[in-house]
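Participant: Have a peek at structure-v3.cif (mmCIF, C-alpha atoms).
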```
data_run
loop_
_atom_site.group_PDB
_atom_site.id
_atom_site.type_symbol
_atom_site.label_atom_id
_atom_site.label_comp_id
_atom_site.auth_asym_id
_atom_site.auth_seq_id
_atom_site.Cartn_x
_atom_site.Cartn_y
_atom_site.Cartn_z
ATOM 1 C CA MET A 27 94.778 98.791 195.305
ATOM 2 C CA PRO A 28 96.967 97.774 198.255
ATOM 3 C CA ARG A 29 95.208 96.550 201.371
ATOM 4 C CA ILE A 30 95.413 98.840 204.431
ATOM 5 C CA ARG A 31 96.239 96.968 207.560
ATOM 6 C CA ARG A 32 94.290 97.633 210.779
ATOM 7 C CA ARG A 33 97.321 99.287 212.464
ATOM 8 C CA GLU A 34 97.855 101.632 209.496
ATOM 9 C CA PHE A 35 94.135 102.493 209.456
ATOM 10 C CA ILE A 36 94.214 103.505 213.143
ATOM 11 C CA MET A 37 97.283 105.683 212.494
ATOM 12 C CA LEU A 38 95.526 107.381 209.574
ATOM 13 C CA LEU A 39 92.436 107.961 211.721
ATOM 14 C CA GLY A 40 94.596 109.488 214.451
ATOM 15 C CA GLY A 41 96.185 111.835 211.952
ATOM 16 C CA ALA A 42 92.788 112.962 210.750
ATOM 17 C CA ALA A 43 91.683 113.617 214.333
ATOM 18 C CA ALA A 44 94.769 115.715 214.893
ATOM 19 C CA ALA A 45 93.681 117.909 211.998
ATOM 20 C CA TRP A 46 90.183 118.487 213.449
ATOM 21 C CA PRO A 47 91.120 121.607 215.511
ATOM 22 C CA LEU A 48 91.820 123.322 212.176
ATOM 23 C CA THR A 49 88.266 122.690 211.067
ATOM 24 C CA ALA A 50 85.295 121.682 213.193
ATOM 25 C CA GLN A 51 87.104 121.903 216.536
ATOM 26 C CA GLY A 52 88.304 125.405 215.668
ATOM 27 C CA GLN A 53 84.769 126.785 215.528
ATOM 28 C CA GLN A 54 84.126 128.869 218.655
ATOM 29 C CA PRO A 55 80.776 128.550 220.471
ATOM 30 C CA ALA A 56 78.425 131.499 220.120
ATOM 31 C CA MET A 57 79.038 134.278 222.661
ATOM 32 C CA PRO A 58 76.362 134.253 225.401
ATOM 33 C CA ILE A 59 74.052 137.266 225.433
ATOM 34 C CA VAL A 60 72.739 138.868 228.615
ATOM 35 C CA GLY A 61 69.543 140.885 228.358
ATOM 36 C CA PHE A 62 69.689 143.927 230.664
ATOM 37 C CA LEU A 63 66.132 145.233 231.068
ATOM 38 C CA ARG A 64 64.824 148.059 233.268
ATOM 39 C CA THR A 65 61.483 149.838 233.464
ATOM 40 C CA THR A 66 63.112 153.220 234.110
ATOM 41 C CA PRO A 67 64.789 155.969 232.100
ATOM 42 C CA SER A 68 68.396 155.061 231.316
ATOM 43 C CA ALA A 69 70.205 158.335 232.095
ATOM 44 C CA PRO A 70 69.441 158.560 235.856
ATOM 45 C CA PHE A 71 70.481 154.928 236.355
ATOM 46 C CA ALA A 72 73.464 154.780 234.006
ATOM 47 C CA GLN A 73 75.783 153.933 236.938
ATOM 48 C CA LEU A 74 74.150 150.507 237.280
ATOM 49 C CA VAL A 75 75.592 149.219 234.005
ATOM 50 C CA PRO A 76 79.311 149.549 234.899
ATOM 51 C CA ALA A 77 78.523 148.104 238.341
ATOM 52 C CA PHE A 78 76.910 145.098 236.635
ATOM 53 C CA ARG A 79 79.899 144.751 234.310
ATOM 54 C CA GLN A 80 82.206 144.740 237.332
ATOM 55 C CA GLY A 81 80.312 141.807 238.845
ATOM 56 C CA LEU A 82 80.495 139.918 235.563
ATOM 57 C CA GLN A 83 84.225 140.572 235.396
ATOM 58 C CA GLU A 84 84.690 139.158 238.896
ATOM 59 C CA THR A 85 83.469 135.838 237.515
ATOM 60 C CA GLY A 86 85.620 136.022 234.392
ATOM 61 C CA PHE A 87 83.223 137.584 231.873
ATOM 62 C CA VAL A 88 84.143 140.728 229.954
ATOM 63 C CA GLU A 89 81.680 142.430 227.624
ATOM 64 C CA GLY A 90 82.782 142.131 224.006
ATOM 65 C CA LYS A 91 85.309 139.413 224.825
ATOM 66 C CA ASN A 92 83.301 136.447 226.065
ATOM 67 C CA VAL A 93 79.845 137.905 226.755
ATOM 68 C CA ALA A 94 77.503 140.386 225.069
ATOM 69 C CA ILE A 95 75.041 142.678 226.848
ATOM 70 C CA GLU A 96 71.839 143.850 225.174
ATOM 71 C CA GLN A 97 70.382 146.825 227.084
ATOM 72 C CA ARG A 98 66.683 147.671 226.983
ATOM 73 C CA TRP A 99 65.147 150.584 228.920
ATOM 74 C CA THR A 100 61.509 151.676 228.828
ATOM 75 C CA GLU A 101 62.618 155.340 229.140
ATOM 76 C CA GLY A 102 59.449 156.277 230.990
ATOM 77 C CA HIS A 103 57.162 154.358 228.609
ATOM 78 C CA ASP A 104 56.426 151.246 230.653
ATOM 79 C CA ASP A 105 53.796 150.122 228.142
ATOM 80 C CA GLN A 106 56.746 149.176 225.910
ATOM 81 C CA LEU A 107 57.914 146.521 228.363
ATOM 82 C CA PRO A 108 56.214 143.559 226.601
ATOM 83 C CA ALA A 109 57.751 144.487 223.226
ATOM 84 C CA LEU A 110 61.221 144.991 224.715
ATOM 85 C CA LEU A 111 60.971 141.658 226.506
ATOM 86 C CA ASP A 112 59.812 139.841 223.357
ATOM 87 C CA ASP A 113 62.743 141.343 221.492
ATOM 88 C CA LEU A 114 65.249 140.015 224.040
ATOM 89 C CA ILE A 115 63.663 136.565 224.010
ATOM 90 C CA SER A 116 63.782 136.512 220.194
ATOM 91 C CA ARG A 117 67.513 137.223 220.368
ATOM 92 C CA LYS A 118 67.911 134.020 222.419
ATOM 93 C CA VAL A 119 69.523 135.714 225.399
ATOM 94 C CA THR A 120 71.144 133.376 227.907
ATOM 95 C CA VAL A 121 70.099 135.340 231.023
ATOM 96 C CA ILE A 122 67.707 138.240 231.661
ATOM 97 C CA VAL A 123 68.763 140.811 234.285
ATOM 98 C CA THR A 124 65.970 143.128 235.352
ATOM 99 C CA ASN A 125 64.091 145.005 238.080
ATOM 100 C CA THR A 126 60.817 143.937 239.735
ATOM 101 C CA PRO A 127 58.325 144.804 236.932
ATOM 102 C CA GLY A 128 60.626 143.273 234.333
ATOM 103 C CA ALA A 129 61.105 140.111 236.385
ATOM 104 C CA LEU A 130 57.362 139.688 236.910
ATOM 105 C CA ALA A 131 56.702 140.191 233.191
ATOM 106 C CA THR A 132 59.447 137.728 232.217
ATOM 107 C CA LYS A 133 58.216 135.111 234.664
ATOM 108 C CA ALA A 134 54.663 135.510 233.344
ATOM 109 C CA LYS A 135 55.946 134.573 229.884
ATOM 110 C CA GLY A 136 56.673 131.079 231.161
ATOM 111 C CA THR A 137 60.149 131.187 229.641
ATOM 112 C CA THR A 138 62.920 128.940 230.930
ATOM 113 C CA ILE A 139 65.524 131.696 230.465
ATOM 114 C CA PRO A 140 67.240 132.322 233.835
ATOM 115 C CA ILE A 141 66.081 135.577 235.467
ATOM 116 C CA VAL A 142 68.261 137.584 237.869
ATOM 117 C CA PHE A 143 66.470 140.504 239.512
ATOM 118 C CA ALA A 144 67.468 143.459 241.661
ATOM 119 C CA THR A 145 64.691 144.725 243.914
ATOM 120 C CA GLY A 146 64.063 146.956 246.875
ATOM 121 C CA ALA A 147 60.818 145.086 247.587
ATOM 122 C CA ASP A 148 59.942 141.652 249.000
ATOM 123 C CA PRO A 149 60.398 139.104 246.189
ATOM 124 C CA VAL A 150 58.463 136.401 248.072
ATOM 125 C CA ARG A 151 55.446 138.658 248.629
ATOM 126 C CA ASP A 152 55.616 139.822 245.005
ATOM 127 C CA GLY A 153 55.580 136.234 243.758
ATOM 128 C CA LEU A 154 59.027 136.231 242.172
ATOM 129 C CA VAL A 155 60.440 133.369 244.263
ATOM 130 C CA ALA A 156 59.093 130.636 246.531
ATOM 131 C CA SER A 157 61.522 131.564 249.320
ATOM 132 C CA LEU A 158 64.752 133.508 249.772
ATOM 133 C CA ASN A 159 66.868 130.441 250.544
ATOM 134 C CA ARG A 160 65.306 128.225 247.874
ATOM 135 C CA PRO A 161 64.040 130.449 245.055
ATOM 136 C CA GLY A 162 63.201 127.509 242.800
ATOM 137 C CA ALA A 163 62.351 127.526 239.099
ATOM 138 C CA ASN A 164 64.591 129.801 237.004
ATOM 139 C CA VAL A 165 64.629 132.953 239.160
ATOM 140 C CA THR A 166 67.007 134.460 241.719
ATOM 141 C CA GLY A 167 68.359 137.894 242.518
ATOM 142 C CA VAL A 168 69.498 140.531 244.977
ATOM 143 C CA VAL A 169 67.427 142.504 247.496
ATOM 144 C CA PHE A 170 68.536 145.945 248.649
ATOM 145 C CA ILE A 171 66.841 147.559 251.653
ATOM 146 C CA THR A 172 65.313 150.960 250.891
ATOM 147 C CA SER A 173 61.946 151.874 252.392
ATOM 148 C CA ALA A 174 62.653 150.130 255.719
ATOM 149 C CA LEU A 175 65.224 152.817 256.567
ATOM 150 C CA GLY A 176 62.774 155.730 256.650
ATOM 151 C CA ALA A 177 62.799 156.120 260.455
ATOM 152 C CA LYS A 178 66.591 156.125 260.513
ATOM 153 C CA ARG A 179 66.662 158.866 257.870
ATOM 154 C CA LEU A 180 64.282 160.964 259.932
ATOM 155 C CA GLU A 181 66.526 160.543 262.967
ATOM 156 C CA LEU A 182 69.636 161.580 261.010
ATOM 157 C CA LEU A 183 67.920 164.634 259.517
ATOM 158 C CA ARG A 184 66.740 165.821 262.923
ATOM 159 C CA GLN A 185 70.307 165.737 264.215
ATOM 160 C CA ILE A 186 71.288 168.474 261.792
ATOM 161 C CA LEU A 187 68.126 170.622 262.011
ATOM 162 C CA PRO A 188 66.954 173.020 264.687
ATOM 163 C CA HIS A 189 63.979 171.398 266.427
ATOM 164 C CA GLY A 190 60.542 172.858 265.959
ATOM 165 C CA PRO A 191 59.621 173.332 262.269
ATOM 166 C CA PRO A 192 57.646 170.614 260.459
ATOM 167 C CA ILE A 193 59.562 168.180 258.278
ATOM 168 C CA ALA A 194 58.261 167.555 254.773
ATOM 169 C CA MET A 195 58.131 164.073 253.268
ATOM 170 C CA LEU A 196 58.081 163.637 249.486
ATOM 171 C CA MET A 197 56.668 160.248 248.481
ATOM 172 C CA SER A 198 56.438 158.132 245.343
ATOM 173 C CA PRO A 199 53.128 156.628 244.190
ATOM 174 C CA SER A 200 51.711 154.193 246.733
ATOM 175 C CA THR A 201 52.939 150.584 246.725
ATOM 176 C CA PRO A 202 53.084 148.133 249.655
ATOM 177 C CA ASP A 203 56.710 149.133 250.318
ATOM 178 C CA ILE A 204 56.061 152.864 250.003
ATOM 179 C CA GLU A 205 53.096 152.565 252.368
ATOM 180 C CA ALA A 206 55.289 150.665 254.841
ATOM 181 C CA GLU A 207 57.864 153.457 254.574
ATOM 182 C CA ARG A 208 55.204 156.080 255.212
ATOM 183 C CA ARG A 209 53.890 154.241 258.291
ATOM 184 C CA GLU A 210 57.391 153.800 259.675
ATOM 185 C CA VAL A 211 58.255 157.484 259.285
ATOM 186 C CA HIS A 212 54.858 158.527 260.659
ATOM 187 C CA ASN A 213 55.249 156.340 263.758
ATOM 188 C CA ALA A 214 58.805 157.575 264.315
ATOM 189 C CA ALA A 215 57.621 161.181 264.008
ATOM 190 C CA LEU A 216 54.851 160.572 266.552
ATOM 191 C CA ALA A 217 57.348 159.084 269.000
ATOM 192 C CA LEU A 218 59.608 162.111 268.568
ATOM 193 C CA GLY A 219 56.816 164.680 268.659
ATOM 194 C CA GLN A 220 57.788 165.736 265.136
ATOM 195 C CA GLN A 221 55.190 167.252 262.794
ATOM 196 C CA LEU A 222 55.192 165.878 259.231
ATOM 197 C CA VAL A 223 53.918 167.415 255.994
ATOM 198 C CA VAL A 224 53.459 164.569 253.498
ATOM 199 C CA SER A 225 52.986 164.927 249.751
ATOM 200 C CA GLU A 226 52.649 162.043 247.280
ATOM 201 C CA VAL A 227 53.693 162.719 243.690
ATOM 202 C CA ARG A 228 52.575 160.586 240.761
ATOM 203 C CA SER A 229 54.665 162.174 238.021
ATOM 204 C CA GLY A 230 57.481 164.649 237.574
ATOM 205 C CA ARG A 231 54.899 167.408 237.056
ATOM 206 C CA ASP A 232 53.756 167.038 240.674
ATOM 207 C CA ILE A 233 57.150 167.711 242.246
ATOM 208 C CA GLU A 234 57.286 171.500 242.004
ATOM 209 C CA PRO A 235 53.748 171.991 243.399
ATOM 210 C CA ALA A 236 54.691 169.678 246.280
ATOM 211 C CA PHE A 237 57.612 171.954 247.173
ATOM 212 C CA ALA A 238 55.282 174.978 247.055
ATOM 213 C CA THR A 239 53.078 173.204 249.601
ATOM 214 C CA PHE A 240 56.065 172.436 251.833
ATOM 215 C CA VAL A 241 57.140 176.085 251.859
ATOM 216 C CA GLN A 242 53.580 177.265 252.476
ATOM 217 C CA ARG A 243 53.309 174.885 255.444
ATOM 218 C CA GLY A 244 56.568 176.176 256.937
ATOM 219 C CA ALA A 245 58.643 173.015 256.536
ATOM 220 C CA GLY A 246 62.164 173.294 257.903
ATOM 221 C CA GLY A 247 63.536 170.100 256.387
ATOM 222 C CA LEU A 248 62.762 167.438 253.797
ATOM 223 C CA LEU A 249 62.809 163.648 253.782
ATOM 224 C CA VAL A 250 62.727 162.297 250.226
ATOM 225 C CA GLY A 251 61.247 158.820 250.026
ATOM 226 C CA THR A 252 62.300 155.885 247.907
ATOM 227 C CA GLY A 253 61.211 154.665 244.484
ATOM 228 C CA PRO A 254 62.275 155.000 240.848
ATOM 229 C CA LEU A 255 60.113 158.073 240.162
ATOM 230 C CA LEU A 256 61.946 160.185 242.744
ATOM 231 C CA ALA A 257 65.331 158.714 241.842
ATOM 232 C CA SER A 258 64.720 159.514 238.162
ATOM 233 C CA ASN A 259 63.938 163.132 239.075
ATOM 234 C CA ARG A 260 66.807 163.605 241.516
ATOM 235 C CA GLU A 261 68.336 166.619 239.752
ATOM 236 C CA ARG A 262 65.033 168.501 239.860
ATOM 237 C CA ILE A 263 64.449 167.582 243.509
ATOM 238 C CA VAL A 264 67.945 168.616 244.647
ATOM 239 C CA THR A 265 67.625 171.882 242.706
ATOM 240 C CA LEU A 266 64.254 172.680 244.299
ATOM 241 C CA ALA A 267 65.545 171.824 247.777
ATOM 242 C CA ALA A 268 68.419 174.263 247.242
ATOM 243 C CA ARG A 269 66.128 176.951 245.813
ATOM 244 C CA HIS A 270 63.860 176.786 248.858
ATOM 245 C CA ALA A 271 66.771 176.331 251.316
ATOM 246 C CA LEU A 272 65.350 173.019 252.583
ATOM 247 C CA PRO A 273 67.923 170.706 254.216
ATOM 248 C CA ALA A 274 67.081 167.273 252.826
ATOM 249 C CA ILE A 275 67.949 163.618 253.314
ATOM 250 C CA TYR A 276 67.729 161.036 250.545
ATOM 251 C CA SER A 277 67.976 157.259 250.141
ATOM 252 C CA LEU A 278 70.707 157.182 247.468
ATOM 253 C CA ARG A 279 74.235 158.602 247.401
ATOM 254 C CA GLU A 280 73.537 159.790 243.850
ATOM 255 C CA PHE A 281 71.460 162.626 245.384
ATOM 256 C CA ALA A 282 74.276 163.762 247.687
ATOM 257 C CA SER A 283 76.817 163.578 244.870
ATOM 258 C CA ILE A 284 74.906 166.246 242.906
ATOM 259 C CA GLY A 285 74.348 168.600 245.839
ATOM 260 C CA GLY A 286 71.908 166.888 248.177
ATOM 261 C CA LEU A 287 72.697 167.421 251.868
ATOM 262 C CA ILE A 288 72.579 163.856 253.245
ATOM 263 C CA SER A 289 71.970 160.383 251.874
ATOM 264 C CA TYR A 290 71.579 157.144 253.766
ATOM 265 C CA GLY A 291 70.711 153.769 252.312
ATOM 266 C CA THR A 292 71.938 150.649 250.632
ATOM 267 C CA SER A 293 74.029 150.964 247.498
ATOM 268 C CA ILE A 294 71.984 150.003 244.432
ATOM 269 C CA SER A 295 75.208 150.056 242.428
ATOM 270 C CA ASP A 296 76.696 147.406 244.712
ATOM 271 C CA ALA A 297 73.470 145.388 244.409
ATOM 272 C CA TYR A 298 73.914 145.391 240.632
ATOM 273 C CA ARG A 299 77.532 144.328 241.054
ATOM 274 C CA GLN A 300 76.225 141.324 242.997
ATOM 275 C CA VAL A 301 73.666 140.717 240.239
ATOM 276 C CA GLY A 302 76.615 140.610 237.836
ATOM 277 C CA VAL A 303 78.323 137.989 239.996
ATOM 278 C CA TYR A 304 75.198 135.826 240.013
ATOM 279 C CA THR A 305 74.811 136.243 236.254
ATOM 280 C CA GLY A 306 78.401 135.084 235.749
ATOM 281 C CA ARG A 307 77.818 132.027 237.916
ATOM 282 C CA ILE A 308 74.741 131.143 235.854
ATOM 283 C CA LEU A 309 76.719 131.589 232.631
ATOM 284 C CA ARG A 310 79.202 129.083 234.070
ATOM 285 C CA GLY A 311 76.456 126.517 234.499
ATOM 286 C CA GLU A 312 74.830 127.044 237.899
ATOM 287 C CA LYS A 313 71.033 127.044 238.064
ATOM 288 C CA ALA A 314 69.298 130.281 239.033
ATOM 289 C CA GLY A 315 66.800 128.492 241.276
ATOM 290 C CA ASP A 316 69.635 126.948 243.295
ATOM 291 C CA LEU A 317 71.182 130.336 244.146
ATOM 292 C CA PRO A 318 69.679 131.871 247.326
ATOM 293 C CA VAL A 319 68.355 135.402 246.980
ATOM 294 C CA MET A 320 71.170 137.630 248.219
ATOM 295 C CA GLN A 321 70.726 140.687 250.412
ATOM 296 C CA SER A 322 72.910 143.658 249.589
ATOM 297 C CA THR A 323 74.621 144.722 252.803
ATOM 298 C CA LYS A 324 76.606 147.751 251.673
ATOM 299 C CA PHE A 325 75.126 150.816 253.376
ATOM 300 C CA GLU A 326 76.244 154.332 252.488
ATOM 301 C CA PHE A 327 75.955 157.426 254.695
ATOM 302 C CA VAL A 328 77.088 160.469 252.710
ATOM 303 C CA LEU A 329 77.324 164.079 253.903
ATOM 304 C CA ASN A 330 77.713 167.017 251.551
ATOM 305 C CA ILE A 331 79.537 169.618 253.647
ATOM 306 C CA LYS A 332 79.511 172.143 250.811
ATOM 307 C CA THR A 333 75.712 172.082 250.818
ATOM 308 C CA ALA A 334 75.615 172.288 254.624
ATOM 309 C CA LYS A 335 77.732 175.461 254.519
ATOM 310 C CA THR A 336 75.502 176.975 251.830
ATOM 311 C CA LEU A 337 72.494 176.315 254.077
ATOM 312 C CA GLY A 338 74.310 177.723 257.111
ATOM 313 C CA LEU A 339 74.153 174.431 259.013
ATOM 314 C CA ASP A 340 76.650 173.133 261.554
ATOM 315 C CA VAL A 341 77.161 169.412 261.136
ATOM 316 C CA PRO A 342 77.667 167.685 264.520
ATOM 317 C CA ASP A 343 81.023 165.963 264.928
ATOM 318 C CA LYS A 344 79.303 162.646 265.697
ATOM 319 C CA LEU A 345 77.615 162.722 262.273
ATOM 320 C CA LEU A 346 80.902 163.487 260.542
ATOM 321 C CA ALA A 347 82.459 160.542 262.376
ATOM 322 C CA LEU A 348 79.684 158.211 261.189
ATOM 323 C CA ALA A 349 79.812 159.270 257.538
ATOM 324 C CA ASP A 350 81.190 156.822 254.984
ATOM 325 C CA GLU A 351 81.869 159.718 252.644
ATOM 326 C CA VAL A 352 82.127 163.479 253.168
ATOM 327 C CA ILE A 353 81.774 165.659 250.079
ATOM 328 C CA GLU A 354 83.692 168.918 250.545
#
```
The structure given in the file should be rewritten as C-alpha cells.
Facilitator:
Amino acid sequence: MPRIRRREFIMLLGGAAAAWPLTAQGQQPAMPIVGFLRTTPSAPFAQLVPAFRQGLQETGFVEGKNVAIEQRWTEGHDDQLPALLDDLISRKVTVIVTNTPGALATKAKGTTIPIVFATGADPVRDGLVASLNRPGANVTGVVFITSALGAKRLELLRQILPHGPPIAMLMSPSTPDIEAERREVHNAALALGQQLVVSEVRSGRDIEPAFATFVQRGAGGLLVGTGPLLASNRERIVTLAARHALPAIYSLREFASIGGLISYGTSISDAYRQVGVYTGRILRGEKAGDLPVMQSTKFEFVLNIKTAKTLGLDVPDKLLALADEVIE
C-alpha cells in the first residue's frame, strides 16, 4: 500500500470537510416552539394571536417557517391550567407567553423556560418580577394600563350624557386592581357630585340581573369596568346596553367595534405585539431577566357614531376631535 504523505492527507481531509454540508452540516436545527397560554376563552381574545405573530415577524420569526406556536386556552375552565402548562413543558417549548395567572403558575413550577407575560396588573406586587427595570430570573413582559383609567372614562361618559341620572358601574370580581378602579371611580364621582349604582358580577349569569338593577335604579349611563370576565362577555353586555338604551363606555376598542358607544383604554392587541417582539429577542439569544418590563403606551379612544345616533345622542365636537377612531 503506498504511503500517504502529510500534504496529501491534509488535502484529503479538506475534501472530506467540504462534503460535510451534504451530511451532518445539512441537518437543520429543530424549530423553536413558543407556548401561547391564556386563562380565558379563546374566541373573545382571538385578535391577540395575530398581534403576537406581528411582533414575532418584526424580529424575523414567521410561524411555520422558523418558529412554531402551540396555543393553549383554558376556555373558562381555569382548573385545567396545570395540565395545559405541563403539556407545554413536556413539548420542550423555548418560551412561554401568557397572562398573569399563567405566568404565576409557570414561575411556581421552578422551570428555567423564559416567561413573557402580558398583564394589566402590577407585576412587582404580584410577585412576577423583582422590579420593572431589572426583572431578574427568567421572566419579563408587558404591562398595559386598564383599571387606572376609570376616572377618565367617567369624565368622558359624562360629556355625552345629560347631567342628573345615576351612572351604573358594572364590575368584575374583586381583585386589588379592580378595587383600585372602583375607588378611583367612586372618588371621581364624589368630586363631580355624580351618583353611582355599582354591581359586581362573578359569572356571565350575573350580567343580565345587574342590568335589571340598573334600569330599576334609573341609571342614565353605564361604565363597564375592566377584567377578562367582562371582556369575554362583551357581546352580551353591548346587546343589553342597546336593549335598555344605556349609553356606555368601555375599556377596550373591541366593545365599540361591535356596537358599544365609547371605548377608552390601552390597546391589549398592541401589548401582545410588543410581547411578540420580546419573544423574538429571546429566541435570538437575549435573556428574559435582562429585558425591562415594557409599558404599552398605545391608547385608543373610539366613538361609535352609529350607536350615538340610535340612542339619540349628540356627540360634542371636542370629543369627535379627540377620538382616535370614529365608527360611522
Participant: Nearest to Val301 of chain A: which of A:Gly153, A:Gly167, A:Pro76, A:Pro188 is it, counting all atoms listed in the file?
Facilitator: A:Gly167
Participant: Provide the atom CA of Leu255 of chain A to atom CA of Arg279 of chain A distance in Å, to one decimal place.
Facilitator: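 Atom CA of Arg279 of chain A lies at a distance of 15.9 Å from atom CA of Leu255 of chain A.
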Participant: With a distance cut-off of 6 Å and only C-alpha atoms, select the neighbouring residues of segment 58-67 of chain A, excluding the residue or stretch itself and same-chain residues fewer than 5 positions from it, and output the selection as a PDB file with C-alpha atoms, in the coordinates of the input.
Facilitator:
```
ATOM      1  CA  VAL A  93      79.845 137.905 226.755  1.00  0.00           C
ATOM      2  CA  ALA A  94      77.503 140.386 225.069  1.00  0.00           C
ATOM      3  CA  ILE A  95      75.041 142.678 226.848  1.00  0.00           C
ATOM      4  CA  GLU A  96      71.839 143.850 225.174  1.00  0.00           C
ATOM      5  CA  GLN A  97      70.382 146.825 227.084  1.00  0.00           C
ATOM      6  CA  ARG A  98      66.683 147.671 226.983  1.00  0.00           C
ATOM      7  CA  TRP A  99      65.147 150.584 228.920  1.00  0.00           C
ATOM      8  CA  THR A 100      61.509 151.676 228.828  1.00  0.00           C
ATOM      9  CA  GLU A 101      62.618 155.340 229.140  1.00  0.00           C
ATOM     10  CA  GLY A 102      59.449 156.277 230.990  1.00  0.00           C
ATOM     11  CA  ASP A 104      56.426 151.246 230.653  1.00  0.00           C
ATOM     12  CA  VAL A 119      69.523 135.714 225.399  1.00  0.00           C
ATOM     13  CA  THR A 120      71.144 133.376 227.907  1.00  0.00           C
ATOM     14  CA  VAL A 121      70.099 135.340 231.023  1.00  0.00           C
ATOM     15  CA  ILE A 122      67.707 138.240 231.661  1.00  0.00           C
ATOM     16  CA  VAL A 123      68.763 140.811 234.285  1.00  0.00           C
ATOM     17  CA  THR A 124      65.970 143.128 235.352  1.00  0.00           C
ATOM     18  CA  ASN A 125      64.091 145.005 238.080  1.00  0.00           C
TER      19      ASN A 125
END
```
Participant: Would you kindly translate the PyMOL selection byres ((chain A and resi 282) around 10) into the concrete residues it picks from this file, as a short mmCIF file (atom, residue, chain, number, x, y, z; two decimals) with C-alpha atoms, keeping the file's coordinate frame?
Facilitator:
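Result written to expr.cif:
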```cif
data_model
loop_
_atom_site.label_atom_id
_atom_site.label_comp_id
_atom_site.auth_asym_id
_atom_site.auth_seq_id
_atom_site.Cartn_x
_atom_site.Cartn_y
_atom_site.Cartn_z
CA ARG A 260 66.81 163.60 241.52
CA VAL A 264 67.94 168.62 244.65
CA ALA A 274 67.08 167.27 252.83
CA ILE A 275 67.95 163.62 253.31
CA TYR A 276 67.73 161.04 250.54
CA SER A 277 67.98 157.26 250.14
CA LEU A 278 70.71 157.18 247.47
CA ARG A 279 74.24 158.60 247.40
CA GLU A 280 73.54 159.79 243.85
CA PHE A 281 71.46 162.63 245.38
CA SER A 283 76.82 163.58 244.87
CA ILE A 284 74.91 166.25 242.91
CA GLY A 285 74.35 168.60 245.84
CA GLY A 286 71.91 166.89 248.18
CA LEU A 287 72.70 167.42 251.87
CA ILE A 288 72.58 163.86 253.24
CA SER A 289 71.97 160.38 251.87
CA TYR A 290 71.58 157.14 253.77
CA PHE A 327 75.96 157.43 254.70
CA VAL A 328 77.09 160.47 252.71
CA LEU A 329 77.32 164.08 253.90
CA ASN A 330 77.71 167.02 251.55
CA ILE A 331 79.54 169.62 253.65
CA THR A 333 75.71 172.08 250.82
CA GLU A 351 81.87 159.72 252.64
CA VAL A 352 82.13 163.48 253.17
CA ILE A 353 81.77 165.66 250.08
#
```
Participant: May I have the protein, DNA and RNA residues with an atom at most 12 Å from (59.5, 175.8, 257.0), counting all atoms listed in the file in the file's coordinates, returned as a PyMOL selection string?
Facilitator: chain A and resi 187-194+221-223+237-248+267+270-273
Participant: Applied to the shown file, which residues does the PyMOL selection byres ((chain A and resi 159) around 12) return, written as a ChimeraX atom specification?
Facilitator: /A:149-150,155-158,160-162,165-168,314-321
Participant: Please produce a file of those selected residues containing C-alpha atoms, as a PDB file, keeping the file's coordinate frame.
Facilitator:
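Result went into part_22.pdb, see below:
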```
ATOM      1  CA  PRO A 149      60.398 139.104 246.189  1.00  0.00           C
ATOM      2  CA  VAL A 150      58.463 136.401 248.072  1.00  0.00           C
ATOM      3  CA  VAL A 155      60.440 133.369 244.263  1.00  0.00           C
ATOM      4  CA  ALA A 156      59.093 130.636 246.531  1.00  0.00           C
ATOM      5  CA  SER A 157      61.522 131.564 249.320  1.00  0.00           C
ATOM      6  CA  LEU A 158      64.752 133.508 249.772  1.00  0.00           C
ATOM      7  CA  ARG A 160      65.306 128.225 247.874  1.00  0.00           C
ATOM      8  CA  PRO A 161      64.040 130.449 245.055  1.00  0.00           C
ATOM      9  CA  GLY A 162      63.201 127.509 242.800  1.00  0.00           C
ATOM     10  CA  VAL A 165      64.629 132.953 239.160  1.00  0.00           C
ATOM     11  CA  THR A 166      67.007 134.460 241.719  1.00  0.00           C
ATOM     12  CA  GLY A 167      68.359 137.894 242.518  1.00  0.00           C
ATOM     13  CA  VAL A 168      69.498 140.531 244.977  1.00  0.00           C
ATOM     14  CA  ALA A 314      69.298 130.281 239.033  1.00  0.00           C
ATOM     15  CA  GLY A 315      66.800 128.492 241.276  1.00  0.00           C
ATOM     16  CA  ASP A 316      69.635 126.948 243.295  1.00  0.00           C
ATOM     17  CA  LEU A 317      71.182 130.336 244.146  1.00  0.00           C
ATOM     18  CA  PRO A 318      69.679 131.871 247.326  1.00  0.00           C
ATOM     19  CA  VAL A 319      68.355 135.402 246.980  1.00  0.00           C
ATOM     20  CA  MET A 320      71.170 137.630 248.219  1.00  0.00           C
ATOM     21  CA  GLN A 321      70.726 140.687 250.412  1.00  0.00           C
TER      22      GLN A 321
END
```
Participant: Which value, in Å to one decimal, gives the distance between atom CA of His103 of chain A and atom CA of Leu130 of chain A?
Facilitator: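 About the pair atom CA of His103 of chain A and atom CA of Leu130 of chain A: they are 16.9 Å apart.
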Participant: Of the candidates A:Asp105, A:Glu181, A:Asp148, A:Gly253, which one gets nearest to Ser200 of chain A if we count all atoms listed in the file?
Facilitator: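 Under the stated criterion, the closest residue is A:Gly253.
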Participant: Between A:Ala56, A:Arg117, A:Thr292, A:Glu89, which is the closest to Ala174 of chain A once you count all atoms listed in the file?
Facilitator: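 Using all atoms listed in the file, the shortest distance to Ala174 of chain A belongs to A:Thr292.
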Participant: Each side padded by 3 Å, which centre and which edge lengths in Å (one decimal) define the axis-aligned box around the listed atoms of segment 93-109 of chain A? Give them as AutoDock Vina command-line options.
Facilitator:
```
--center_x 66.8 --center_y 147.1 --center_z 227.1 --size_x 32.0 --size_y 24.4 --size_z 13.8
```
Participant: Can you work out the spacing between atom CA of Ser295 of chain A and atom CA of Leu74 of chain A in Å, to one decimal?
Facilitator: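 Distance between the two atoms: 5.3 Å.
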Participant: Put segment 281-290 of chain A into a file with C-alpha atoms, as a tab-separated table (two decimals), in the first residue's frame.
Facilitator:
```tsv
chain	number	residue	atom	x	y	z
A	281	PHE	CA	-66.58	46.72	22.60
A	282	ALA	CA	-67.01	49.80	20.39
A	283	SER	CA	-66.30	47.79	17.24
A	284	ILE	CA	-69.37	45.60	17.90
A	285	GLY	CA	-71.73	48.44	18.76
A	286	GLY	CA	-70.58	49.87	22.08
A	287	LEU	CA	-70.86	53.66	22.29
A	288	ILE	CA	-67.39	54.66	23.55
A	289	SER	CA	-64.17	52.90	24.46
A	290	TYR	CA	-61.07	54.34	26.06
```
